[in-house]
Structure formats: C-alpha cells, structure tokens
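J.: Got a structure for you, written out below as structure tokens; questions coming shortly.
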Amino acid sequence: MIACAALCLVAANPAGVYAQSAIKVVVDDQAITSFQIGQRARLISLTERKSGAAATKAAQDELIDEVLKLKEAKRYGITVSKKQVDDAFATIASRVKLTPANLAAALRQSGVDPETLRDRLRTEIAWSQILRQRFQGRVSVSESDIAAQLQKLKSGKDEPLKSIEYRLEQVIFVVPEKASGGFKAQRKKEAEQLRKSFTTCEQSSDQVRAYSEVVVKTVGFRLETELPADMKDVIAKTAVGQLTPPQVTPRGLEMIAVCGKRELTSDVAARTEIEDELRQKEGEQLTRRYIQDLRRQSVISYR
C-alpha cells in the first residue's frame, strides 16, 4: 500500500503546518485531534491516491482503529521496539529507491511528519502479532475449495499450467547502520559496478573478492510463489547470470543473483496462489469482525 507512493512522495507539493489542533474524536479515554487526522489524511493522499473528504474520513477511521489496536496490543502484552519500526521504515524506503533519511525528507516536503508514517507502522507491526496469536490455526481452507478454483482455472486454459523455478544467491554489501553518507554512496557505487560486471553465479566468489565486506549466501531453489511479493516481479525481469538492483536494507545493500531459471509443467504455483488468496479472504473476514467487535465494546465520541 505504502510502496505505491514511489514517485508522488518526491513530487508532491509542500503543505503548510497545521496551526491549530482541536479534539475531534475520543475513543474511550484517548483523544484524536484535528492535527492527527490532517497528518494521516495527507499520508493517505500520498499512498492511496485519495483526497479531500475521502482522505479525511479514511484518516479518522484509521486512527480510531489504531487506538483500538494499540489498546488490544497492550492487553496482549505486545510491544513494538524502535528497531522494528526503523527496519520497517527502511524497507519502505528501499522499495521507493530512497534511503530512510531521504524518505523522511520527502515526507516533510509533502507536509507530513515522518512520525505519522512511523505511528502507522508501529500499529501494523503490533496488529500483525495480535492476529497471529489470535487466529493461528483458525484460518483454514478446504481442499475442495482449492480444487474447485483450480479446476475453474484449468478449464479456461488450452495449455497445461506451468510454474517457474529459480536458483538464487544473495549478495550483501555490508554497510554499518551509522556509516557516513559518503561511505554509503561509495558502497552503492561498488554494488552497481559489480552488478554491471556480473555474468555468472559460478564465478561469484571470484568476482566479489575485489570488494571488501561483501557476503554471498546461497538461497537455493525457489518457486515463483515462494518469492517475497516485493521481489517477485524484480526477479522475473532479471536475466539468468545477472543481479537485481541493489536495495537498501538494515544490513546494507542487497542484491539477488539469478543463477538459473526453468519452467515446470505443474499446477503447484497456481495451487499455492489459489490457497493464499482463499486464506487471505478468510483472514480478512475474521479481521473485519474483530475490529467491529472492538468498536462495539468501546465508547467512541465524535466532537
């Protein structure tokens, strides 16, 4: 959701600071102010392409749910560390090809305090932990449902279903967290140099010897459905014997080498995708009911 703001974060016009703040909603004993709603609405405008009254309404609802989620996290004894939030912030920055500092600057230029995004991330991390604890083992999909969807998919195709299998390696240019901007720029330059000269995984160890503090890890064979969502398309577009573009992570700059790729006549990928979609739908239904229950149990006053 947040990653879709890759271009608009930098291009958006700066906004004026909210000069005054009034209490707009009280959830149990916790107030939500017009400033908070305004900040969240601006973030939603950047990340979800909503604007005006729609963004304001979405921001108010999101902040109400956020209070309830954090209250529930406290009840479960769940806390989210600063490092967890920083790592999530860095991940989003890498997806939009920015450093965390540049992402924060882009947000400020758009009139959004970076803490607004950090608050949202903190809640998302806590909420995901709650859902795992509460619904672990409860989200199930029947084999008959999967088979029915799979048959429907097969009936619409003339050729057998196929899956793509990759053989991968991970290349990490280690960058200390507190490294200077100059050092980070140098490491990025080195990573791009290796990417341009890289031709085969069989010689990867020899190629990285020209650089210091570079780690090569064997990932092994992975089906396309096993790849992280944010890397699936990137890896699919990378030719065999090439590296993906470097991404900023808490460990430094990371690239994936595509060592091999083959097409399998198999319905494994389609089956996995169908199962994931069905599980997601059921999980979303459980989550919606959970939030509705929390709202019913709370006192929400609008000012």
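By order in the structure tokens, chains are A, B, ...; within a chain, residues start at 1; ligands start at 1, following the order shown.
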Any idea what's packed within 7 Å of range 74-89 of chain A, counting only C-alpha atoms, ignoring anything in its chain fewer than 5 positions away? Could you give it as JSON, numbers by chain?
T.: {"A": [100, 118, 121, 122, 126, 250]}
J.: Skipping near chain neighbours, those fewer than 4 positions away, what residues fall within 7 Å of Arg40 in chain A using only C-alpha atoms, listed as a PyMOL selection string?
T.: chain A and resi 36+44+59+116
J.: Please determine, counting only C-alpha atoms, which residue among A:Val26, A:Ala55, A:Leu253, A:Ile125 has the shortest atom-to-atom distance to Gly38 in chain A.
T.: A:Ala55
J.: Considering only helix (DSSP H, G or I) as DSSP defines it on the backbone, what residues of range 29-97 of chain A qualify? List them as a PyMOL selection string.
T.: chain A and resi 34-48+52-76+82-95
J.: A:Gln133, A:Ser163, A:Thr47, A:Thr99: which is nearest Glu224 in chain A, counting only C-alpha atoms?
T.: A:Ser163
J.: Between A:Gln193, A:Ser212, A:Ser301, A:Gln109, which has the minimum distance to Ile23 in chain A (counting only C-alpha atoms)?
T.: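 Closest to Ile23 in chain A, using only C-alpha atoms: A:Ser301.
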J.: What does the structure give for the distance between CA of Arg289 in chain A and CA of Ala53 in chain A, in Å to one decimal?
T.: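 Separating CA of Arg289 in chain A from CA of Ala53 in chain A is a distance of 25.6 Å.
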J.: Of the candidates A:Gln242, A:Ala236, A:Ala22, A:Thr225, which one gets nearest to Gln203 in chain A if we count only C-alpha atoms?
T.: A:Gln242
J.: Enumerate the residues of range 184-287 of chain A with a DSSP assignment of strand (DSSP E), computed from the backbone, and present them as a ChimeraX atom specification.
T.: /A:214-223,242-243,247-249,252-265
J.: Within 6 Å of Leu168 in chain A, counting only C-alpha atoms, which residues show up once you throw out same-chain ones fewer than 5 positions away? Write them as a CSV table (one decimal) with C-alpha atoms, in the first residue's frame, please.
T.:
chain,number,residue,atom,x,y,z
A,219,VAL,CA,19.4,-19.2,-1.4
A,220,GLY,CA,18.9,-22.3,-3.5
A,257,ALA,CA,21.7,-13.2,-8.3
A,258,VAL,CA,19.5,-15.3,-10.7
A,259,CYS,CA,21.7,-18.3,-11.2
J.: What lies within 7 Å of Ile256 in chain A using only C-alpha atoms, ignoring chain neighbours under 3 positions off, as a list in words?
T.: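 Answer for this query is Leu168, Glu169, Gln170, Val171, Leu243 and Thr244 of chain A.
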J.: Could you dump the residues just selected with N, CA, C and O atoms as a compact mmCIF listing (two decimals), in the first residue's frame?
T.:
# COMPACT_ATOMS: atom_id res chain seq x y z
N LEU A 168 18.82 -19.22 -6.83
CA LEU A 168 19.19 -17.86 -6.44
C LEU A 168 20.36 -17.81 -5.46
O LEU A 168 20.59 -18.75 -4.70
N GLU A 169 21.07 -16.70 -5.50
CA GLU A 169 22.08 -16.36 -4.49
C GLU A 169 21.82 -14.94 -4.02
O GLU A 169 21.26 -14.12 -4.76
N GLN A 170 22.22 -14.66 -2.80
CA GLN A 170 22.07 -13.32 -2.22
C GLN A 170 23.44 -12.70 -2.06
O GLN A 170 24.36 -13.33 -1.53
N VAL A 171 23.59 -11.47 -2.53
CA VAL A 171 24.86 -10.74 -2.41
C VAL A 171 24.62 -9.51 -1.54
O VAL A 171 23.75 -8.69 -1.85
N LEU A 243 22.28 -9.71 -11.73
CA LEU A 243 21.89 -9.31 -10.38
C LEU A 243 20.72 -8.34 -10.42
O LEU A 243 20.62 -7.52 -11.33
N THR A 244 19.85 -8.43 -9.42
CA THR A 244 18.78 -7.44 -9.28
C THR A 244 19.39 -6.11 -8.81
O THR A 244 20.50 -6.10 -8.27
J.: Tell me, as an mmCIF file with N, CA, C and O atoms, in the first residue's frame, which residues lie within 12 Å of Glu62 in chain A, counting only C-alpha atoms; anything in the same chain fewer than 6 positions away does not count.
T.:
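Output contents, as saved in part.cif:
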data_model
loop_
_atom_site.group_PDB
_atom_site.id
_atom_site.type_symbol
_atom_site.label_atom_id
_atom_site.label_comp_id
_atom_site.auth_asym_id
_atom_site.auth_seq_id
_atom_site.Cartn_x
_atom_site.Cartn_y
_atom_site.Cartn_z
ATOM 1 N N VAL A 25 -12.295 13.397 17.998
ATOM 2 C CA VAL A 25 -12.864 12.109 18.398
ATOM 3 C C VAL A 25 -12.223 11.693 19.716
ATOM 4 O O VAL A 25 -11.032 11.936 19.941
ATOM 5 N N ILE A 32 -8.336 12.001 19.752
ATOM 6 C CA ILE A 32 -7.755 12.094 18.413
ATOM 7 C C ILE A 32 -7.999 13.521 17.945
ATOM 8 O O ILE A 32 -9.137 13.998 17.934
ATOM 9 N N GLN A 36 -3.793 15.337 14.064
ATOM 10 C CA GLN A 36 -3.506 13.941 13.752
ATOM 11 C C GLN A 36 -4.273 13.486 12.514
ATOM 12 O O GLN A 36 -3.719 12.804 11.640
ATOM 13 N N ILE A 37 -5.540 13.872 12.452
ATOM 14 C CA ILE A 37 -6.362 13.490 11.306
ATOM 15 C C ILE A 37 -5.820 14.129 10.036
ATOM 16 O O ILE A 37 -5.733 13.479 8.981
ATOM 17 N N GLN A 39 -2.712 15.115 9.397
ATOM 18 C CA GLN A 39 -1.457 14.472 9.018
ATOM 19 C C GLN A 39 -1.698 13.103 8.374
ATOM 20 O O GLN A 39 -1.128 12.780 7.330
ATOM 21 N N ARG A 40 -2.584 12.308 8.985
ATOM 22 C CA ARG A 40 -2.849 10.983 8.442
ATOM 23 C C ARG A 40 -3.554 11.087 7.090
ATOM 24 O O ARG A 40 -3.303 10.282 6.191
ATOM 25 N N ALA A 41 -4.441 12.071 6.950
ATOM 26 C CA ALA A 41 -5.130 12.271 5.671
ATOM 27 C C ALA A 41 -4.136 12.613 4.569
ATOM 28 O O ALA A 41 -4.255 12.129 3.430
ATOM 29 N N LEU A 43 -0.974 11.735 4.498
ATOM 30 C CA LEU A 43 -0.241 10.498 4.206
ATOM 31 C C LEU A 43 -1.076 9.576 3.315
ATOM 32 O O LEU A 43 -0.555 8.988 2.355
ATOM 33 N N ILE A 44 -2.358 9.461 3.625
ATOM 34 C CA ILE A 44 -3.260 8.626 2.812
ATOM 35 C C ILE A 44 -3.365 9.180 1.395
ATOM 36 O O ILE A 44 -3.408 8.419 0.417
ATOM 37 N N ALA A 55 -10.154 11.254 1.994
ATOM 38 C CA ALA A 55 -8.917 11.029 2.746
ATOM 39 C C ALA A 55 -9.113 11.343 4.225
ATOM 40 O O ALA A 55 -8.608 10.629 5.098
ATOM 41 N N THR A 56 -9.840 12.410 4.516
ATOM 42 C CA THR A 56 -10.093 12.785 5.908
ATOM 43 C C THR A 56 -10.916 11.722 6.627
ATOM 44 O O THR A 56 -10.624 11.351 7.768
ATOM 45 N N LEU A 68 -7.739 1.431 19.050
ATOM 46 C CA LEU A 68 -8.280 0.143 19.499
ATOM 47 C C LEU A 68 -7.240 -0.972 19.359
ATOM 48 O O LEU A 68 -7.116 -1.833 20.235
ATOM 49 N N LYS A 69 -6.496 -0.948 18.268
ATOM 50 C CA LYS A 69 -5.478 -1.973 18.030
ATOM 51 C C LYS A 69 -4.351 -1.886 19.057
ATOM 52 O O LYS A 69 -3.887 -2.909 19.581
ATOM 53 N N ASP A 119 4.100 5.957 13.198
ATOM 54 C CA ASP A 119 2.965 5.556 14.046
ATOM 55 C C ASP A 119 2.137 4.474 13.361
ATOM 56 O O ASP A 119 1.711 3.505 13.995
ATOM 57 N N ARG A 120 1.902 4.662 12.068
ATOM 58 C CA ARG A 120 1.128 3.670 11.325
ATOM 59 C C ARG A 120 1.864 2.323 11.296
ATOM 60 O O ARG A 120 1.258 1.270 11.503
ATOM 61 N N THR A 123 1.705 0.459 14.635
ATOM 62 C CA THR A 123 0.407 -0.198 14.811
ATOM 63 C C THR A 123 0.295 -1.450 13.946
ATOM 64 O O THR A 123 -0.197 -2.487 14.404
ATOM 65 N N GLU A 124 0.751 -1.361 12.695
ATOM 66 C CA GLU A 124 0.665 -2.513 11.784
ATOM 67 C C GLU A 124 1.473 -3.694 12.313
ATOM 68 O O GLU A 124 1.036 -4.843 12.232
ATOM 69 N N ILE A 291 -12.330 -6.178 14.408
ATOM 70 C CA ILE A 291 -12.357 -4.721 14.550
ATOM 71 C C ILE A 291 -13.770 -4.250 14.901
ATOM 72 O O ILE A 291 -13.953 -3.366 15.760
#
J.: Counting only C-alpha atoms, which of A:Glu115, A:Glu190, A:Asp61, A:Glu263 gets nearest to Lys24 in chain A?
T.: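 Nearest to Lys24 in chain A: A:Asp61.
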J.: When you look at Arg295 in chain A with a cut-off of 9 Å (counting only C-alpha atoms), what residues show up, excluding the ones that are within fewer than 3 positions of it in the same chain? I need them as a PyMOL selection string.
T.: chain A and resi 64-65+68+290-292+298-300
J.: Residues at most 7 Å from Arg222 in chain A, counting only C-alpha atoms, excluding those fewer than 2 positions away in the same chain, as an mmCIF file with N, CA and C atoms, in the first residue's frame?
T.:
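Contents of the output file around_1.cif:
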data_model
loop_
_atom_site.group_PDB
_atom_site.id
_atom_site.type_symbol
_atom_site.label_atom_id
_atom_site.label_comp_id
_atom_site.auth_asym_id
_atom_site.auth_seq_id
_atom_site.Cartn_x
_atom_site.Cartn_y
_atom_site.Cartn_z
ATOM 1 N N GLU A 165 10.675 -22.012 -11.652
ATOM 2 C CA GLU A 165 11.579 -22.294 -10.531
ATOM 3 C C GLU A 165 12.899 -21.567 -10.778
ATOM 4 N N TYR A 166 13.379 -20.885 -9.737
ATOM 5 C CA TYR A 166 14.631 -20.134 -9.822
ATOM 6 C C TYR A 166 15.693 -20.772 -8.920
ATOM 7 N N ARG A 167 16.956 -20.607 -9.324
ATOM 8 C CA ARG A 167 18.080 -20.901 -8.424
ATOM 9 C C ARG A 167 18.745 -19.568 -8.120
ATOM 10 N N GLY A 220 19.321 -21.012 -2.957
ATOM 11 C CA GLY A 220 18.867 -22.307 -3.456
ATOM 12 C C GLY A 220 17.691 -22.166 -4.409
ATOM 13 N N GLU A 224 8.344 -19.487 -7.983
ATOM 14 C CA GLU A 224 7.926 -18.086 -8.065
ATOM 15 C C GLU A 224 6.954 -17.709 -6.950
ATOM 16 N N GLU A 226 7.062 -18.704 -3.971
ATOM 17 C CA GLU A 226 7.766 -18.645 -2.685
ATOM 18 C C GLU A 226 8.556 -17.357 -2.523
ATOM 19 N N LEU A 227 8.600 -16.534 -3.559
ATOM 20 C CA LEU A 227 9.373 -15.301 -3.508
ATOM 21 C C LEU A 227 8.598 -14.217 -2.760
#
J.: Using Å and a single decimal, report how far CA of Asp233 in chain A sits from CA of Ala148 in chain A.
T.: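 About the pair CA of Ala148 in chain A and CA of Asp233 in chain A: they are 27.5 Å apart.
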